[in-house]
Amino acid sequence: MFASSALVTPLATPFHVEITSFWSEHLRFHFMDGVPFLFHRTAQKLGFDGLDAIVLQHVETGNIVANFDGRDVRTGAGSVYAIDFSRPVLIRDAPDIPRQRRNFVGMPRAFARRWFGPLDAIHGLVIPPDIAAPYTAHLLRLRDRLPHWTALDAEAVAQTATLMAQAITAALGHGTSLNDPARLHQKARLYIEANLGNPDLSAAEVARSIGASRSRLFAMFQPVGGVECFIRSARLERIKAALSAPAQPHPIAVLAEAVGFRSSAQLSRLFRQHYGMTPSQFSARADPGGVRRISERA
């Protein structure tokens with residue numbers, strides 16, 4: 001990755017960097033431990049490799065001084081900063097700490113735009129430690145758990161994306177003004193995504209959480225049938241993604257509870273209405289070899 005995306009200059013000898021990586025369709029997790037170095041993604045590199053990814057990098061230890069296409073940045077341990085790989089960047093680790101840890105997550109631009117909204121201001125954005133804490137704590141838990149998984153499940157990807165989006169929204173100051181409908185809609189959607197497991201999640205609760213009236217909230221979600229319809233569809237999409245994952249190990253009752261359905265029977269009925277088949281039928285089509293073993297019994 002370093003060889004193809006940037007010029008890397010060691011700031012200590014001998015040069016040693018160890019990276020443990022885990023990939024899914026949408027997110028790539030990289031946990032790095034090594035000596036400090038200078039990372040320079042030049043304009044020539046942009047034209048050469050055409051990489052069009054967004055990366056969020058967690059500074060677990062040490063400090064960095066950087067220039068993000070004219071934007072000067074200094075930040076330290078506990079913070080997270082964003083890199084737009086379609087733009088130049090020069091990042092220098094502080095050389096006074098011999099071993100430094102960085103944990104970063106990369107994603108395609110389309111995925112980042114879906115979760116974060118417009119990306120114009122994201123290159124060089126710094127998320128302070130207090131705002132980044134829920135996301136970074138989740139990321140460190142994943143670092144411990146991922147080596148024991150055979151695949152990244154849909155729930156982990158969705159939870160990671162939700163926490164990233166919440167941190168970015170807070171760092172940018174978005175979603176706080178009732179005069180900004182797009183940001184208010186994003187704030188509502190992020191709250192719903194983060195609370196799907198609550199079976200009592202309702203339009204009234206969402207409206208209270210984002211500081212909007214129920215009528216305004218209804219107007220924002222009217223194109224998709226209203227808030228309750230959006231919540232139901234989001235739950236079904238989460239189930240569908242989980243059933244599509246390799247070697248899906250959980251019974252339907254467990255999946256139903258995880259995303260806020262009150263029973264596996266309710267899930268099966270709504271899933272059939274939405275997709276024209278039961279969860280077990282969908283799972284069998286997604287895995288014709290019969291690797292999955294699921295049950296629709298409560």
# chains A, B, ... in the order shown; residues from 1 in each chain; ligands from 1
call {"tool": "residues_around", "arguments": {"residues": "A:Phe29", "least_positions_apart": "4", "cutoff": "8 Å", "atoms": "only C-alpha atoms", "output": "VMD selection string"}}
result
chain A and resid 21 to 23 103 to 106
call {"tool": "write_last_selection", "arguments": {"atoms": "C-alpha atoms", "output": "mmCIF file, in the first residue's frame"}}
result
data_model
loop_
_atom_site.group_PDB
_atom_site.id
_atom_site.type_symbol
_atom_site.label_atom_id
_atom_site.label_comp_id
_atom_site.auth_asym_id
_atom_site.auth_seq_id
_atom_site.Cartn_x
_atom_site.Cartn_y
_atom_site.Cartn_z
ATOM 1 C CA SER A 21 -5.245 -5.840 7.894
ATOM 2 C CA PHE A 22 -8.843 -7.026 7.657
ATOM 3 C CA TRP A 23 -10.981 -6.380 4.598
ATOM 4 C CA ASN A 103 -5.204 2.417 13.351
ATOM 5 C CA PHE A 104 -6.877 3.385 10.127
ATOM 6 C CA VAL A 105 -9.959 2.490 8.151
ATOM 7 C CA GLY A 106 -10.235 3.043 4.414
#
call {"tool": "residues_around", "arguments": {"residues": "stretch 64-80 of chain A", "least_positions_apart": "2", "cutoff": "9 Å", "atoms": "only C-alpha atoms", "output": "PyMOL selection string"}}
result
chain A and resi 56-62+82-84+87-94+104+123-133+136
call {"tool": "write_last_selection", "arguments": {"atoms": "C-alpha atoms", "output": "JSON list (two decimals), in the first residue's frame"}}
result
[["chain", "number", "residue", "atom", "x", "y", "z"],
["A", 56, "LEU", "CA", -9.76, 7.82, 8.81],
["A", 57, "GLN", "CA", -6.57, 7.45, 10.82],
["A", 58, "HIS", "CA", -6.54, 7.08, 14.59],
["A", 59, "VAL", "CA", -3.37, 8.36, 16.29],
["A", 60, "GLU", "CA", -3.09, 5.92, 19.16],
["A", 61, "THR", "CA", 0.38, 7.10, 20.25],
["A", 62, "GLY", "CA", 2.64, 9.96, 19.23],
["A", 82, "ALA", "CA", -9.20, 12.16, 7.61],
["A", 83, "ILE", "CA", -7.32, 11.76, 4.34],
["A", 84, "ASP", "CA", -8.84, 12.16, 0.90],
["A", 87, "ARG", "CA", -5.63, 15.10, -2.96],
["A", 88, "PRO", "CA", -1.97, 15.64, -2.00],
["A", 89, "VAL", "CA", -0.85, 15.23, 1.59],
["A", 90, "LEU", "CA", 2.40, 15.33, 3.57],
["A", 91, "ILE", "CA", 2.30, 13.74, 7.04],
["A", 92, "ARG", "CA", 5.29, 13.64, 9.40],
["A", 93, "ASP", "CA", 5.30, 11.53, 12.55],
["A", 94, "ALA", "CA", 6.95, 13.02, 15.61],
["A", 104, "PHE", "CA", -6.88, 3.38, 10.13],
["A", 123, "HIS", "CA", -9.34, 16.28, 3.78],
["A", 124, "GLY", "CA", -7.31, 17.14, 6.88],
["A", 125, "LEU", "CA", -10.32, 17.20, 9.19],
["A", 126, "VAL", "CA", -9.23, 16.49, 12.78],
["A", 127, "ILE", "CA", -11.64, 14.82, 15.19],
["A", 128, "PRO", "CA", -10.49, 15.65, 18.76],
["A", 129, "PRO", "CA", -10.09, 12.83, 21.30],
["A", 130, "ASP", "CA", -13.25, 13.67, 23.25],
["A", 131, "ILE", "CA", -15.42, 13.54, 20.12],
["A", 132, "ALA", "CA", -13.55, 10.57, 18.62],
["A", 133, "ALA", "CA", -13.68, 8.47, 21.82],
["A", 136, "THR", "CA", -11.79, 4.86, 18.70]]
call {"tool": "residues_around", "arguments": {"residues": "stretch 254-265 of chain A", "least_positions_apart": "3", "cutoff": "10 Å", "atoms": "only C-alpha atoms", "output": "number ranges by chain"}}
result
A: 155, 193, 195-201, 231-232, 234-236, 238-239, 242-243, 249-251, 268-271, 279, 295-298
call {"tool": "residues_around", "arguments": {"residues": "stretch 43-53 of chain A", "least_positions_apart": "6", "cutoff": "6 Å", "atoms": "only C-alpha atoms", "output": "PDB file with all heavy atoms, in the first residue's frame"}}
result
ATOM      1  N   PHE A  85      -7.676  10.557  -0.506  1.00  0.00           N
ATOM      2  CA  PHE A  85      -6.567  10.090  -1.317  1.00  0.00           C
ATOM      3  C   PHE A  85      -6.577  10.647  -2.739  1.00  0.00           C
ATOM      4  O   PHE A  85      -5.665  10.382  -3.513  1.00  0.00           O
ATOM      5  CB  PHE A  85      -6.536   8.557  -1.342  1.00  0.00           C
ATOM      6  CG  PHE A  85      -5.635   7.959  -0.298  1.00  0.00           C
ATOM      7  CD1 PHE A  85      -5.831   8.251   1.052  1.00  0.00           C
ATOM      8  CD2 PHE A  85      -4.587   7.129  -0.640  1.00  0.00           C
ATOM      9  CE1 PHE A  85      -5.006   7.726   2.022  1.00  0.00           C
ATOM     10  CE2 PHE A  85      -3.746   6.583   0.320  1.00  0.00           C
ATOM     11  CZ  PHE A  85      -3.950   6.893   1.658  1.00  0.00           C
ATOM     12  N   SER A  86      -7.572  11.439  -3.071  1.00  0.00           N
ATOM     13  CA  SER A  86      -7.559  12.092  -4.373  1.00  0.00           C
ATOM     14  C   SER A  86      -6.856  13.441  -4.318  1.00  0.00           C
ATOM     15  O   SER A  86      -6.766  14.144  -5.332  1.00  0.00           O
ATOM     16  CB  SER A  86      -8.993  12.300  -4.887  1.00  0.00           C
ATOM     17  OG  SER A  86      -9.667  13.295  -4.154  1.00  0.00           O
ATOM     18  N   PRO A  88      -3.321  15.795  -2.565  1.00  0.00           N
ATOM     19  CA  PRO A  88      -1.972  15.642  -2.001  1.00  0.00           C
ATOM     20  C   PRO A  88      -1.974  15.772  -0.483  1.00  0.00           C
ATOM     21  O   PRO A  88      -2.813  16.464   0.099  1.00  0.00           O
ATOM     22  CB  PRO A  88      -1.176  16.791  -2.635  1.00  0.00           C
ATOM     23  CG  PRO A  88      -2.003  17.300  -3.762  1.00  0.00           C
ATOM     24  CD  PRO A  88      -3.425  16.990  -3.430  1.00  0.00           C
ATOM     25  N   MET A 107     -12.062   3.376   2.893  1.00  0.00           N
ATOM     26  CA  MET A 107     -13.343   3.037   2.254  1.00  0.00           C
ATOM     27  C   MET A 107     -13.435   3.724   0.905  1.00  0.00           C
ATOM     28  O   MET A 107     -12.822   4.773   0.690  1.00  0.00           O
ATOM     29  CB  MET A 107     -14.503   3.471   3.151  1.00  0.00           C
ATOM     30  CG  MET A 107     -14.641   4.970   3.293  1.00  0.00           C
ATOM     31  SD  MET A 107     -15.289   5.485   4.909  1.00  0.00           S
ATOM     32  CE  MET A 107     -13.795   5.298   5.917  1.00  0.00           C
ATOM     33  N   PRO A 108     -14.194   3.165  -0.041  1.00  0.00           N
ATOM     34  CA  PRO A 108     -14.409   3.835  -1.323  1.00  0.00           C
ATOM     35  C   PRO A 108     -15.150   5.154  -1.129  1.00  0.00           C
ATOM     36  O   PRO A 108     -15.914   5.320  -0.173  1.00  0.00           O
ATOM     37  CB  PRO A 108     -15.270   2.832  -2.107  1.00  0.00           C
ATOM     38  CG  PRO A 108     -15.122   1.532  -1.395  1.00  0.00           C
ATOM     39  CD  PRO A 108     -14.862   1.871   0.040  1.00  0.00           C
ATOM     40  N   ARG A 109     -14.930   6.088  -2.033  1.00  0.00           N
ATOM     41  CA  ARG A 109     -15.560   7.402  -1.922  1.00  0.00           C
ATOM     42  C   ARG A 109     -17.090   7.301  -1.860  1.00  0.00           C
ATOM     43  O   ARG A 109     -17.730   8.013  -1.093  1.00  0.00           O
ATOM     44  CB  ARG A 109     -15.142   8.273  -3.105  1.00  0.00           C
ATOM     45  CG  ARG A 109     -15.757   9.677  -3.106  1.00  0.00           C
ATOM     46  CD  ARG A 109     -15.182  10.524  -4.224  1.00  0.00           C
ATOM     47  NE  ARG A 109     -13.749  10.662  -4.030  1.00  0.00           N
ATOM     48  CZ  ARG A 109     -13.195  11.595  -3.257  1.00  0.00           C
ATOM     49  NH1 ARG A 109     -13.965  12.461  -2.627  1.00  0.00           N
ATOM     50  NH2 ARG A 109     -11.892  11.664  -3.120  1.00  0.00           N
TER      51      ARG A 109
END
call {"tool": "select_by_dssp", "arguments": {"residues": "stretch 58-185 of chain A", "states": "strand (DSSP E or B)", "output": "ChimeraX atom specification"}}
result
/A:58-59,63-68,71-76,80-84,89-93,100-108,126-127
call {"tool": "select_by_dssp", "arguments": {"residues": "stretch 38-122 of chain A", "states": "helix (DSSP H, G or I)", "output": "ChimeraX atom specification"}}
result
/A:43-49,109-116
